[in-house]
Every structure is written in C-alpha cells, then in structure tokens.
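Below is my_file.cif, holding mmCIF, C-alpha atoms and all ligand atoms.
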```
data_entry
#
loop_
_atom_site.label_atom_id
_atom_site.label_comp_id
_atom_site.auth_asym_id
_atom_site.auth_seq_id
_atom_site.Cartn_x
_atom_site.Cartn_y
_atom_site.Cartn_z
CA MET K 1 60.31 71.24 106.88
CA LEU K 2 59.94 73.18 103.62
CA THR K 3 56.34 73.95 102.68
CA ARG K 4 54.82 73.33 99.25
CA VAL K 5 52.96 76.58 98.73
CA ASN K 6 55.86 78.90 97.95
CA ALA K 7 57.35 79.45 94.51
CA ILE K 8 60.81 79.61 96.07
CA GLU K 9 61.99 78.55 99.45
CA THR K 10 65.59 78.24 100.59
CA GLN K 11 66.99 77.40 103.98
CA ASP K 12 70.58 78.10 104.86
CA LEU K 13 71.52 77.74 101.19
CA ARG K 14 75.27 77.71 100.60
CA LYS K 15 77.72 77.56 97.77
CA ALA K 16 81.47 77.63 98.11
CA TYR K 17 84.05 77.63 95.35
CA ARG K 18 87.40 76.27 96.45
CA GLY K 19 86.48 76.79 100.08
CA ARG K 20 85.32 80.41 99.53
CA ALA K 21 81.64 80.99 100.37
CA VAL K 22 79.87 82.95 97.61
CA VAL K 23 76.36 82.13 98.86
CA ASP K 24 76.49 81.95 102.61
CA GLY K 25 73.37 80.78 104.43
CA LEU K 26 70.60 82.24 102.28
CA ASN K 27 67.02 82.12 103.58
CA LEU K 28 64.48 83.24 100.99
CA THR K 29 60.74 82.79 100.68
CA VAL K 30 58.88 83.89 97.56
CA PRO K 31 55.16 83.09 97.49
CA GLN K 32 53.31 82.32 94.27
CA GLY K 33 52.26 85.41 92.34
CA GLU K 34 54.86 87.66 93.93
CA VAL K 35 57.40 89.83 92.13
CA PHE K 36 60.58 89.56 94.16
CA GLY K 37 63.60 91.81 93.63
CA PHE K 38 67.01 90.32 94.36
CA LEU K 39 69.50 93.14 94.73
CA GLY K 40 73.15 93.36 95.47
CA PRO K 41 76.47 94.66 94.20
CA ASN K 42 78.57 92.85 91.60
CA GLY K 43 79.82 89.53 92.91
CA ALA K 44 77.23 89.31 95.73
CA GLY K 45 76.19 85.83 94.64
CA LYS K 46 72.98 86.66 92.78
CA SER K 47 73.68 84.67 89.62
CA THR K 48 75.00 81.74 91.63
CA THR K 49 71.76 81.75 93.64
CA VAL K 50 69.66 81.80 90.48
CA LYS K 51 71.71 78.96 89.00
CA MET K 52 71.13 76.88 92.14
CA LEU K 53 67.39 77.64 92.01
CA LEU K 54 67.37 76.49 88.38
CA GLY K 55 69.25 73.30 89.26
CA LEU K 56 72.27 74.31 87.15
CA VAL K 57 74.69 74.59 90.07
CA LYS K 58 74.81 72.13 92.95
CA PRO K 59 74.58 73.75 96.40
CA THR K 60 77.34 73.03 98.89
CA GLY K 61 74.81 72.99 101.72
CA GLY K 62 71.31 73.90 102.88
CA ALA K 63 67.96 73.17 101.24
CA LEU K 64 65.92 74.63 98.42
CA GLN K 65 62.59 74.05 96.75
CA VAL K 66 61.07 75.68 93.70
CA LEU K 67 57.35 75.23 93.10
CA GLY K 68 57.40 72.72 95.91
CA GLY K 69 59.97 70.43 94.35
CA ARG K 70 63.46 69.98 92.99
CA PRO K 71 64.38 72.16 90.00
CA GLN K 72 66.03 69.15 88.36
CA SER K 73 62.73 67.28 88.15
CA PRO K 74 61.30 67.46 84.60
CA GLN K 75 57.81 68.39 85.88
CA ILE K 76 59.19 71.33 87.83
CA ARG K 77 61.63 72.39 85.13
CA ALA K 78 58.77 72.57 82.61
CA GLN K 79 57.17 75.24 84.80
CA LEU K 80 60.25 77.47 85.07
CA GLY K 81 61.13 80.36 82.76
CA PHE K 82 64.56 81.96 82.59
CA LEU K 83 65.96 85.02 80.88
CA PRO K 84 69.72 85.04 81.47
CA GLU K 85 71.52 88.35 81.44
CA GLN K 86 73.77 87.55 78.53
CA PHE K 87 72.20 84.93 76.42
CA ARG K 88 73.50 83.73 73.11
CA PHE K 89 71.33 82.84 70.15
CA GLN K 90 72.01 81.11 66.91
CA THR K 91 72.09 84.20 64.72
CA TRP K 92 70.88 82.34 61.63
CA MET K 93 67.58 81.38 63.28
CA THR K 94 64.54 83.57 62.84
CA GLY K 95 62.74 84.80 65.95
CA GLU K 96 59.95 82.29 65.30
CA GLU K 97 62.34 79.40 64.78
CA PHE K 98 64.13 80.27 68.00
CA LEU K 99 60.84 80.26 69.91
CA ARG K 100 59.63 77.02 68.32
CA PHE K 101 62.95 75.38 69.21
CA HIS K 102 62.68 76.69 72.73
CA GLY K 103 59.03 75.62 73.00
CA ARG K 104 59.75 72.08 71.81
CA LEU K 105 62.47 71.77 74.46
CA ALA K 106 59.88 72.87 77.01
CA GLY K 107 57.53 70.14 75.77
CA LEU K 108 54.98 72.27 73.93
CA LYS K 109 53.02 70.48 71.18
CA ALA K 110 53.04 71.72 67.57
CA ALA K 111 49.45 73.00 67.70
CA GLU K 112 50.08 74.94 70.87
CA LEU K 113 53.29 76.39 69.41
CA ARG K 114 51.45 77.65 66.32
CA ARG K 115 49.13 79.60 68.60
CA ARG K 116 51.54 80.60 71.30
CA VAL K 117 54.57 81.83 69.27
CA PRO K 118 52.81 84.76 67.54
CA GLU K 119 51.04 85.54 70.82
CA VAL K 120 54.28 85.95 72.83
CA LEU K 121 55.96 87.84 69.99
CA GLU K 122 53.07 90.28 70.20
CA THR K 123 53.34 90.43 74.02
CA VAL K 124 57.01 91.43 73.93
CA GLY K 125 56.54 93.98 71.15
CA LEU K 126 57.99 91.88 68.31
CA GLY K 127 54.69 91.28 66.51
CA GLY K 128 55.37 90.96 62.78
CA ARG K 129 59.15 90.64 63.27
CA GLY K 130 59.28 86.89 63.96
CA GLY K 131 60.32 86.07 60.37
CA GLU K 132 63.58 88.02 60.62
CA THR K 133 66.84 86.37 61.65
CA LEU K 134 68.16 87.02 65.14
CA GLY K 135 71.43 88.19 63.59
CA GLY K 136 69.55 91.21 62.28
CA TYR K 137 67.84 92.04 65.59
CA SER K 138 68.97 95.03 67.65
CA LYS K 139 70.15 94.45 71.23
CA GLY K 140 66.76 95.51 72.57
CA MET K 141 64.95 93.17 70.14
CA LEU K 142 67.18 90.27 71.27
CA GLN K 143 66.30 90.98 74.86
CA ARG K 144 62.62 91.00 73.95
CA ALA K 145 63.07 87.69 72.10
CA GLY K 146 64.76 86.24 75.19
CA LEU K 147 61.85 87.39 77.33
CA ALA K 148 59.44 85.79 74.86
CA GLY K 149 61.39 82.54 75.30
CA ALA K 150 61.18 82.81 79.08
CA ILE K 151 57.38 83.17 79.15
CA LEU K 152 56.53 81.00 76.12
CA ALA K 153 55.62 77.81 77.96
CA ARG K 154 53.44 79.65 80.51
CA PRO K 155 55.80 79.11 83.44
CA ARG K 156 54.66 79.47 87.05
CA LEU K 157 58.00 80.91 88.11
CA VAL K 158 60.16 83.17 85.95
CA PHE K 159 63.73 84.28 86.61
CA LEU K 160 64.62 87.53 84.88
CA ASP K 161 68.25 88.61 85.04
CA GLU K 162 68.56 92.30 84.12
CA PRO K 163 65.61 92.03 81.71
CA THR K 164 65.68 95.66 80.57
CA SER K 165 69.42 96.42 80.38
CA ALA K 166 69.29 96.80 76.58
CA LEU K 167 65.90 98.51 76.39
CA ASP K 168 64.95 102.12 75.83
CA PRO K 169 62.53 103.83 78.28
CA ILE K 170 59.46 102.70 76.33
CA GLY K 171 60.75 99.13 76.28
CA ARG K 172 61.28 99.29 80.03
CA VAL K 173 57.71 100.36 80.64
CA GLU K 174 56.51 97.54 78.38
CA VAL K 175 58.55 94.96 80.29
CA ARG K 176 57.16 96.30 83.54
CA GLU K 177 53.67 95.81 82.16
CA ILE K 178 54.54 92.26 81.14
CA ILE K 179 55.79 91.56 84.66
CA GLU K 180 52.61 93.02 86.11
CA ARG K 181 50.53 90.82 83.84
CA LEU K 182 52.52 87.76 84.93
CA ARG K 183 51.81 88.64 88.54
CA ALA K 184 48.11 89.09 87.79
CA ASP K 185 48.16 85.58 86.29
CA GLY K 186 49.62 84.22 89.55
CA VAL K 187 53.15 83.78 88.16
CA ALA K 188 56.04 84.42 90.55
CA VAL K 189 58.85 86.58 89.17
CA PHE K 190 62.37 86.58 90.58
CA LEU K 191 64.00 89.75 89.29
CA ASN K 192 67.67 90.69 89.30
CA SER K 193 68.17 94.27 88.27
CA HIS K 194 70.51 97.13 88.92
CA LEU K 195 67.81 99.60 87.87
CA LEU K 196 66.53 100.32 91.32
CA ALA K 197 63.82 102.76 90.30
CA GLU K 198 62.41 99.99 88.17
CA VAL K 199 62.63 97.40 90.93
CA GLU K 200 60.91 99.85 93.24
CA GLN K 201 57.99 100.22 90.87
CA VAL K 202 57.35 96.60 90.13
CA CYS K 203 58.47 94.49 93.11
CA ASP K 204 56.25 93.40 95.98
CA ARG K 205 59.29 92.61 98.09
CA VAL K 206 63.02 92.90 97.77
CA ALA K 207 66.08 91.33 99.36
CA PHE K 208 69.45 93.03 99.59
CA VAL K 209 72.36 90.61 99.38
CA LYS K 210 76.02 91.14 99.98
CA ARG K 211 78.76 88.52 100.06
CA GLY K 212 76.16 85.81 99.72
CA ARG K 213 74.09 86.90 102.72
CA VAL K 214 70.72 88.64 102.92
CA LEU K 215 71.22 91.94 104.72
CA GLN K 216 67.54 92.82 104.68
CA GLN K 217 64.34 91.63 103.01
CA GLY K 218 60.79 92.79 103.04
CA SER K 219 58.20 94.96 101.30
CA MET K 220 59.20 98.52 100.46
CA ARG K 221 57.08 99.59 103.39
CA ASP K 222 58.75 97.14 105.78
CA LEU K 223 62.13 98.37 104.66
CA MET K 224 61.11 101.94 105.38
CA GLY K 225 60.16 100.87 108.89
CA GLY K 226 56.43 101.40 108.23
CA VAL K 227 56.61 105.17 107.84
CA LEU K 228 55.73 107.47 104.98
CA PRO K 229 57.27 110.94 105.18
CA VAL K 230 55.02 113.59 103.58
CA ASP K 231 56.07 117.12 102.63
CA ILE K 232 53.29 119.68 103.01
CA ARG K 233 53.23 123.30 101.92
CA VAL K 234 50.30 125.48 103.01
CA SER K 235 49.56 129.21 102.97
CA HIS K 236 49.72 129.52 106.77
CA LEU K 237 49.23 127.50 109.94
CA PRO K 238 45.70 128.10 111.28
CA PRO K 239 45.36 127.63 115.06
CA GLY K 240 44.88 124.00 116.04
CA LEU K 241 46.13 122.57 112.75
CA LEU K 242 49.38 121.23 114.19
CA ASP K 243 47.47 119.45 116.97
CA THR K 244 45.13 117.88 114.42
CA LEU K 245 48.07 116.73 112.30
CA GLN K 246 49.83 115.31 115.36
CA GLY K 247 46.74 113.15 115.82
CA LEU K 248 47.18 111.74 112.31
CA GLY K 249 50.94 111.23 112.37
CA GLU K 250 54.09 112.81 113.68
CA VAL K 251 54.99 116.38 112.73
CA ARG K 252 58.79 116.15 112.37
CA HIS K 253 59.59 119.58 111.08
CA THR K 254 57.87 122.97 110.72
CA ASP K 255 59.22 125.95 108.79
CA THR K 256 57.25 129.21 108.92
CA ASN K 257 60.18 131.53 108.18
CA THR K 258 58.98 132.51 104.73
CA PRO K 259 56.04 134.95 104.79
CA GLY K 260 52.93 133.61 103.09
CA ARG K 261 53.77 129.94 103.44
CA ALA K 262 54.42 127.17 105.94
CA ASP K 263 56.33 123.96 105.22
CA LEU K 264 55.79 120.84 107.28
CA GLU K 265 57.19 117.36 107.30
CA LEU K 266 54.67 114.87 108.56
CA TRP K 267 55.40 111.19 109.07
CA LEU K 268 52.43 108.93 108.50
CA SER K 269 51.95 105.21 109.02
CA GLY K 270 50.95 104.77 105.37
CA GLU K 271 49.22 106.10 102.28
CA ASP K 272 45.75 105.40 103.64
CA VAL K 273 46.09 108.38 106.02
CA LEU K 274 46.73 110.88 103.20
CA PRO K 275 43.05 111.73 102.46
CA ALA K 276 42.46 112.50 106.16
CA VAL K 277 45.46 114.87 106.09
CA ALA K 278 44.06 116.66 103.04
CA ASP K 279 40.64 116.92 104.75
CA ALA K 280 42.23 118.30 107.94
CA LEU K 281 44.19 120.96 106.04
CA HIS K 282 41.09 122.00 104.15
CA ALA K 283 38.85 122.03 107.23
CA ALA K 284 41.37 124.21 109.10
CA GLY K 285 41.20 126.80 106.32
CA ALA K 286 44.80 126.45 105.12
CA ARG K 287 45.35 126.77 101.40
CA LEU K 288 47.21 123.73 100.17
CA TYR K 289 50.10 124.08 97.69
CA ALA K 290 51.81 120.70 98.07
CA LEU K 291 51.08 117.35 99.67
CA SER K 292 53.92 115.10 98.51
CA PRO K 293 54.51 111.64 99.94
CA ARG K 294 58.21 110.78 99.78
CA ARG K 295 58.21 107.31 98.35
CA PRO K 296 60.74 104.88 99.78
CA ASP K 297 63.90 105.49 97.84
CA LEU K 298 65.45 102.14 97.10
CA GLU K 299 68.65 103.62 95.80
CA THR K 300 69.42 105.40 99.07
CA MET K 301 68.57 102.28 101.05
CA PHE K 302 70.69 100.19 98.73
CA LEU K 303 73.69 102.48 99.05
CA ASP K 304 73.33 102.73 102.81
CA LEU K 305 73.13 98.99 103.17
CA ILE K 306 75.45 97.77 100.49
CA GLU K 307 78.02 100.37 99.74
CA ASP K 308 80.88 100.22 102.13
CA THR K 309 83.61 101.78 100.08
CA PRO K 310 86.52 103.68 101.65
CA GLU K 311 85.18 106.85 99.98
CA ARG K 312 81.73 106.40 101.54
CA ARG K 313 83.17 105.57 104.96
CA ARG K 314 85.26 108.74 104.75
CA ARG K 315 82.19 110.80 103.76
CA THR K 316 80.09 109.31 106.56
CA ALA K 317 82.84 110.04 109.09
CA GLN K 318 83.09 113.63 107.83
CA GLU K 319 79.32 114.09 108.03
CA ALA K 320 79.33 112.73 111.58
CA ALA K 321 82.17 115.10 112.55
CA HIS K 322 80.20 118.07 111.21
CA ALA K 323 76.92 117.07 112.81
N1 LIG R 401 82.19 78.74 88.65
C1 LIG R 401 82.79 79.54 89.54
N2 LIG R 401 84.00 79.25 90.03
C2 LIG R 401 84.60 80.05 90.94
N3 LIG R 401 84.06 81.19 91.43
C3 LIG R 401 82.86 81.54 90.96
C4 LIG R 401 82.15 80.75 90.00
N4 LIG R 401 80.96 81.34 89.73
C5 LIG R 401 80.93 82.46 90.50
N5 LIG R 401 82.06 82.58 91.21
C6 LIG R 401 82.37 83.67 92.17
O1 LIG R 401 81.29 83.81 93.05
C7 LIG R 401 81.07 85.17 93.39
C8 LIG R 401 79.62 85.52 93.12
O2 LIG R 401 79.40 85.51 91.72
P1 LIG R 401 77.95 85.77 91.08
O3 LIG R 401 78.12 85.70 89.60
O4 LIG R 401 76.97 84.85 91.70
O5 LIG R 401 77.67 87.27 91.55
P2 LIG R 401 76.52 88.30 91.08
O6 LIG R 401 75.92 88.82 92.32
O7 LIG R 401 75.61 87.62 90.12
O8 LIG R 401 77.36 89.42 90.35
P3 LIG R 401 76.97 90.41 89.12
O9 LIG R 401 76.05 91.45 89.65
O10 LIG R 401 78.31 90.98 88.78
O11 LIG R 401 76.39 89.57 88.02
C9 LIG R 401 82.06 85.97 92.56
O12 LIG R 401 83.15 86.33 93.37
C10 LIG R 401 82.49 85.01 91.48
O13 LIG R 401 83.83 85.26 91.10
#
```

Can you turn what I pasted into structure tokens?
Ligand SMILES: Nc1ncnc2c1ncn2[C@@H]1O[C@H](COP(=O)(O)OP(=O)(O)OP(=O)(O)O)[C@@H](O)[C@H]1O
Amino acid sequence: MLTRVNAIETQDLRKAYRGRAVVDGLNLTVPQGEVFGFLGPNGAGKSTTVKMLLGLVKPTGGALQVLGGRPQSPQIRAQLGFLPEQFRFQTWMTGEEFLRFHGRLAGLKAAELRRRVPEVLETVGLGGRGGETLGGYSKGMLQRAGLAGAILARPRLVFLDEPTSALDPIGRVEVREIIERLRADGVAVFLNSHLLAEVEQVCDRVAFVKRGRVLQQGSMRDLMGGVLPVDIRVSHLPPGLLDTLQGLGEVRHTDTNTPGRADLELWLSGEDVLPAVADALHAAGARLYALSPRRPDLETMFLDLIEDTPERRRRTAQEAAHA
C-alpha cells in the first residue's frame, strides 16, 4: 500500500503511447522536504513522468500518489507548484498581473495576493520590475517570473523543469538559494535539469532514468558506493604514516618519485574522517600541501550510466584493449 508521508510515491508507473512504453515501471519515493534530481537523456520519459505526477497525463499502469493523494484532487493540486521548461505567457500582461492571475487560479484571496506578489517578485530577483509587461522581459526574467508563479501559493511540492536554462551564473546561484530555502521550509522539490554540476550541489538524492526506467537512485554518497577519494600531497612520508592512514581508510596509490614531495590517494568512508587525516599527517611531522576530497562527479556517473553511444562503446573497447 502507498504511504501518506511522502511527497511523491510511484509504484510500477507506466505510460505507453501507441503500444510503445515511454515510462516503464517507475518506482520513485521522494520524502517531504527533499530536493530530488531526476536525470536522464532526451526522450527518457522525464516530462511524461512529471505530467503524470501533475495529473495532466493518465498513466497506462501502476500507482502514484503526490502529497498522499491524487494530483487531480483540488486540495492536492492547490499544494503543487510547477515551472514548465518552455512556458508561454500572455506578453501584454505585467509581471504582477500574471502572478495575480496565477494566484487567483490557485485560490489565493485578494488580501493574500497583495502581500504575496511583491514578496515572491523580490524572492526571484524581480523586485521593482512587476509593473513591466512580460513582452519586455528578457529570457532570464521570464524564467524568474515563472519560478515566482510556481512558488506563489506556498506549495508543498514543486516541480522545476530546467529552472535555470535561461539564467546567467548569478541567476543560477540565486535559484539554488531559493531551492535551498524551499527545502528549509519543508517543501519537496522535484528537479529536472541537464546542468549536472548544479544538480550535484543542490539535490539530496538523484535518480538516473533511461527509456522510462530508473537505472540508479540514491544520495550522491550512495551512488559513489559510500567512498570519498582524497588526494593528499605532503613533503615526505615519515615512518609509520602509511600504517596510520591505512587505519583511517584505504591507501590506494602512493607516488614518491618526485624529490621533496609524496602524493597519496586515500579512500575514506566519508567527510567526517577528514579532520582525523589532517591530524595524523600533522602528528607524523609531514608538511601538508594538499588535502583534496574528490567530490562525487555526477557528470561522469551520468555518462557512464546513460551514454551508450557507438562512439563511447568504441572508446571503452579501445581503452579495455590497451589496459
Ligand atoms: N503525447 C505523446 N504522444 C506520443 N509520444 C509521446 C508523447 N509525449 C511524449 N512522447 C514520447 O515519449 C518519449 C519520452 O518523452 P519525454 O518528453 O517524457 O522525454 P524527456 O525525458 O522529458 O525528454 P527531454 O529531456 O528531451 O525533455 C519520447 O520518445 C517522446 O517522443
């Protein structure tokens, strides 16, 4: 039975168009207050999944719940926010008019709208620009306006489809901060993005999908198999240091070929071991030049999991032949 606590829960969710499965047995669980990254190549079934979760597309099979209910129910729908990737506005409306229109559809009262509209405009970086028509907004401003619309009615679950595709680097940081604030307020965020570095920074968990199936899902740490590779550079290797480090993790590689320095690769179980490593290096009398955790690299994982092009298969085969 589906439980009520999760923001999103799907079981064996399916969608077929003319007999062709585009979402093929999807099992997802997104708890309240989690930022969940939904990643996959073009055509993997991401938008179709989001449309089913919003109640806009009828599943062919399986079960789904959002906020413990059906997305078609007015009570549930009122608690959902959505920023589509390519959304169209009436260009003659001002930013404020667009938000008021949106807010009324979501059931907000006039008094609340008077307070809330300037507040969200400020949140998305459009403070003072709400009186201008959308036709005069830049692409980035339109995306910000769309985000304002998605969070206006204080949803408990927000779907963001490529929310920063039109934004400059500052805008991207601002959107990340907005997402982090939503999480702090207990809002669940379902994020589709091709900007993997961004996903990596903001998501608690991610799922990789391909041809409508989840290939892998979990926290960044889970996906890395619970290891954190750390690159260390020290002046030299004092006696006993390697043994001490072996006690803290696994020394995978040592390079002492260059006079005056030693490079090590140490695999740890997690970040919490880093201070003990620094203490051990210091206590052994080694001078420390670098202690660099190699963060899980989502892009590499994504390519390894998803990309299965003839070119990549050829490259992999060549690499294997040379190994
Ligand atoms: N209404 C429809 N009728 C027929 N086929 C459809 C329909 N909607 C989607 N599809 C097909 O379903 C597959 C998945 O499409 P979907 O838009 O869900 O992928 P996506 O992962 O969101 O891709 P992208 O990253 O390019 O946005 C595609 O092959 C698409 O052609």

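The coordinates place CA of Pro41 in chain K at 16.2 Å from CA of Glu198 in chain K.
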
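Here CA of Phe159 in chain K is placed at a distance of 24.6 Å from CA of Arg114 in chain K.
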
If you take only C-alpha atoms and all ligand atoms and a cut-off of 7 Å, which residues of chain K touch ligand LIG 401 (chain R), and what are their nearest atom pairs and distances in Å to one decimal, in chain and number order, as CSV?
```
residue,atom,partner,partner_atom,distance
K:Tyr17,CA,R:LIG401,C2,5.1
K:Val22,CA,R:LIG401,O1,4.9
K:Gly40,CA,R:LIG401,O6,6.2
K:Pro41,CA,R:LIG401,O9,5.6
K:Asn42,CA,R:LIG401,O10,3.4
K:Gly43,CA,R:LIG401,O5,3.4
K:Ala44,CA,R:LIG401,O6,3.7
K:Gly45,CA,R:LIG401,O4,3.2
K:Lys46,CA,R:LIG401,O6,3.7
K:Ser47,CA,R:LIG401,O7,3.6
K:Thr48,CA,R:LIG401,O4,3.7
K:Thr49,CA,R:LIG401,O4,6.4
```

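CA of Ser219 in chain K lies 26.7 Å from CA of Ala290 in chain K.
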
| said: With all atoms listed in the file as the counted atoms, please give the residues lying no more than 12 Å from Ala16 in chain K, apart from itself and same-chain residues fewer than 4 positions off, as a PyMOL selection string. | reply: chain K and resi 20-25+45+48-49+52+57-62+211-212

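Of the listed residues K:Leu182, K:Gly33, K:Gly260, K:Arg213, the one whose atoms come nearest to Arg14 in chain K is K:Arg213, with distances taken using all atoms listed in the file.
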
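Across K:Val66, K:Val230, K:Ala262, K:Met93, the tightest approach to Tyr137 in chain K is made by K:Met93 when counting all atoms listed in the file.
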
| task | Would you list the contacts of Ala276 in chain K as a ChimeraX atom specification, taking every protein, DNA or RNA residue within 12 Å and counting all atoms listed in the file, but skipping same-chain residues closer than 2 positions in sequence? | result | /K:244-245,247-249,268,270-274,278-283,291

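Shell of range 134-136 of chain K at 6 Å, with all atoms listed in the file counted and residues fewer than 2 places along the chain excluded, is K:Thr91, K:Met93, K:Thr94, K:Gly95.
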
Residues near Ala150 in chain K, cut-off 8 Å, all atoms listed in the file, skip fewer than 5 positions along chain, as a PDB file with C-alpha atoms, in the frame of the given file:
```
ATOM      1  CA  GLY K  81      61.130  80.360  82.760  1.00  0.00           C
ATOM      2  CA  PHE K  82      64.560  81.960  82.590  1.00  0.00           C
ATOM      3  CA  LEU K  83      65.960  85.020  80.880  1.00  0.00           C
ATOM      4  CA  PRO K 155      55.800  79.110  83.440  1.00  0.00           C
ATOM      5  CA  VAL K 158      60.160  83.170  85.950  1.00  0.00           C
TER       6      VAL K 158
END
```

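Between Val209 in chain K and the candidates K:Gly146, K:Gly19, K:Gly125, K:Gly37, the tightest atom-to-atom separation, counting all atoms listed in the file, involves K:Gly37.
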
| Protein/DNA/RNA residues near (63.2, 78.3, 67.1), cut 12 Å, only C-alpha atoms, as an MDAnalysis selection string | chainID K and resid 89:106 113:114 117 130:134 145:146 148:149 152

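Closest to Ala153 in chain K among K:Leu196, K:Leu80, K:Met141, K:Ala166 is K:Leu80, based on all atoms listed in the file.
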
With C-alpha atoms as the atom set, please write range 84-141 of chain K from the structure just given, as a short mmCIF file (atom, residue, chain, number, x, y, z; two decimals), in the first residue's frame.
```
data_model
loop_
_atom_site.label_atom_id
_atom_site.label_comp_id
_atom_site.auth_asym_id
_atom_site.auth_seq_id
_atom_site.Cartn_x
_atom_site.Cartn_y
_atom_site.Cartn_z
CA PRO K 84 7.48 24.03 -17.07
CA GLU K 85 10.56 24.17 -19.23
CA GLN K 86 9.00 26.18 -22.01
CA PHE K 87 6.14 28.12 -20.68
CA ARG K 88 4.18 30.70 -22.58
CA PHE K 89 2.87 33.93 -21.11
CA GLN K 90 0.46 36.50 -22.34
CA THR K 91 3.02 39.10 -23.36
CA TRP K 92 0.66 42.02 -22.72
CA MET K 93 0.32 41.17 -19.01
CA THR K 94 2.60 42.79 -16.48
CA GLY K 95 4.59 40.54 -14.15
CA GLU K 96 2.22 41.45 -11.30
CA GLU K 97 -0.89 40.79 -13.36
CA PHE K 98 0.48 37.41 -14.40
CA LEU K 99 1.13 36.48 -10.77
CA ARG K 100 -2.27 37.74 -9.57
CA PHE K 101 -3.95 35.72 -12.33
CA HIS K 102 -1.92 32.68 -11.38
CA GLY K 103 -2.63 33.21 -7.67
CA ARG K 104 -6.38 33.51 -8.19
CA LEU K 105 -6.35 30.22 -10.12
CA ALA K 106 -4.55 28.69 -7.14
CA GLY K 107 -7.28 30.00 -4.84
CA LEU K 108 -5.39 32.81 -3.12
CA LYS K 109 -7.54 35.61 -1.68
CA ALA K 110 -7.08 39.25 -2.75
CA ALA K 111 -5.52 40.32 0.57
CA GLU K 112 -3.03 37.49 0.50
CA LEU K 113 -2.16 38.28 -3.13
CA ARG K 114 -1.43 41.92 -2.28
CA ARG K 115 1.12 40.73 0.25
CA ARG K 116 2.47 37.71 -1.54
CA VAL K 117 3.02 39.04 -5.11
CA PRO K 118 5.65 41.68 -4.21
CA GLU K 119 7.23 39.18 -1.81
CA VAL K 120 7.79 36.48 -4.48
CA LEU K 121 8.92 39.06 -7.04
CA GLU K 122 11.57 40.07 -4.52
CA THR K 123 12.48 36.41 -3.86
CA VAL K 124 13.15 35.69 -7.54
CA GLY K 125 15.09 38.92 -8.10
CA LEU K 126 12.35 40.84 -9.92
CA GLY K 127 11.65 43.32 -7.12
CA GLY K 128 10.52 46.61 -8.64
CA ARG K 129 10.01 45.08 -12.12
CA GLY K 130 6.48 43.72 -11.59
CA GLY K 131 4.86 46.70 -13.36
CA GLU K 132 6.56 45.94 -16.68
CA THR K 133 4.91 43.80 -19.35
CA LEU K 134 6.16 40.26 -19.84
CA GLY K 135 6.72 41.06 -23.52
CA GLY K 136 9.55 43.35 -22.42
CA TYR K 137 11.17 40.82 -20.07
CA SER K 138 14.43 39.10 -21.03
CA LYS K 139 14.51 35.29 -21.22
CA GLY K 140 16.08 35.12 -17.77
CA MET K 141 13.44 37.48 -16.32
#
```
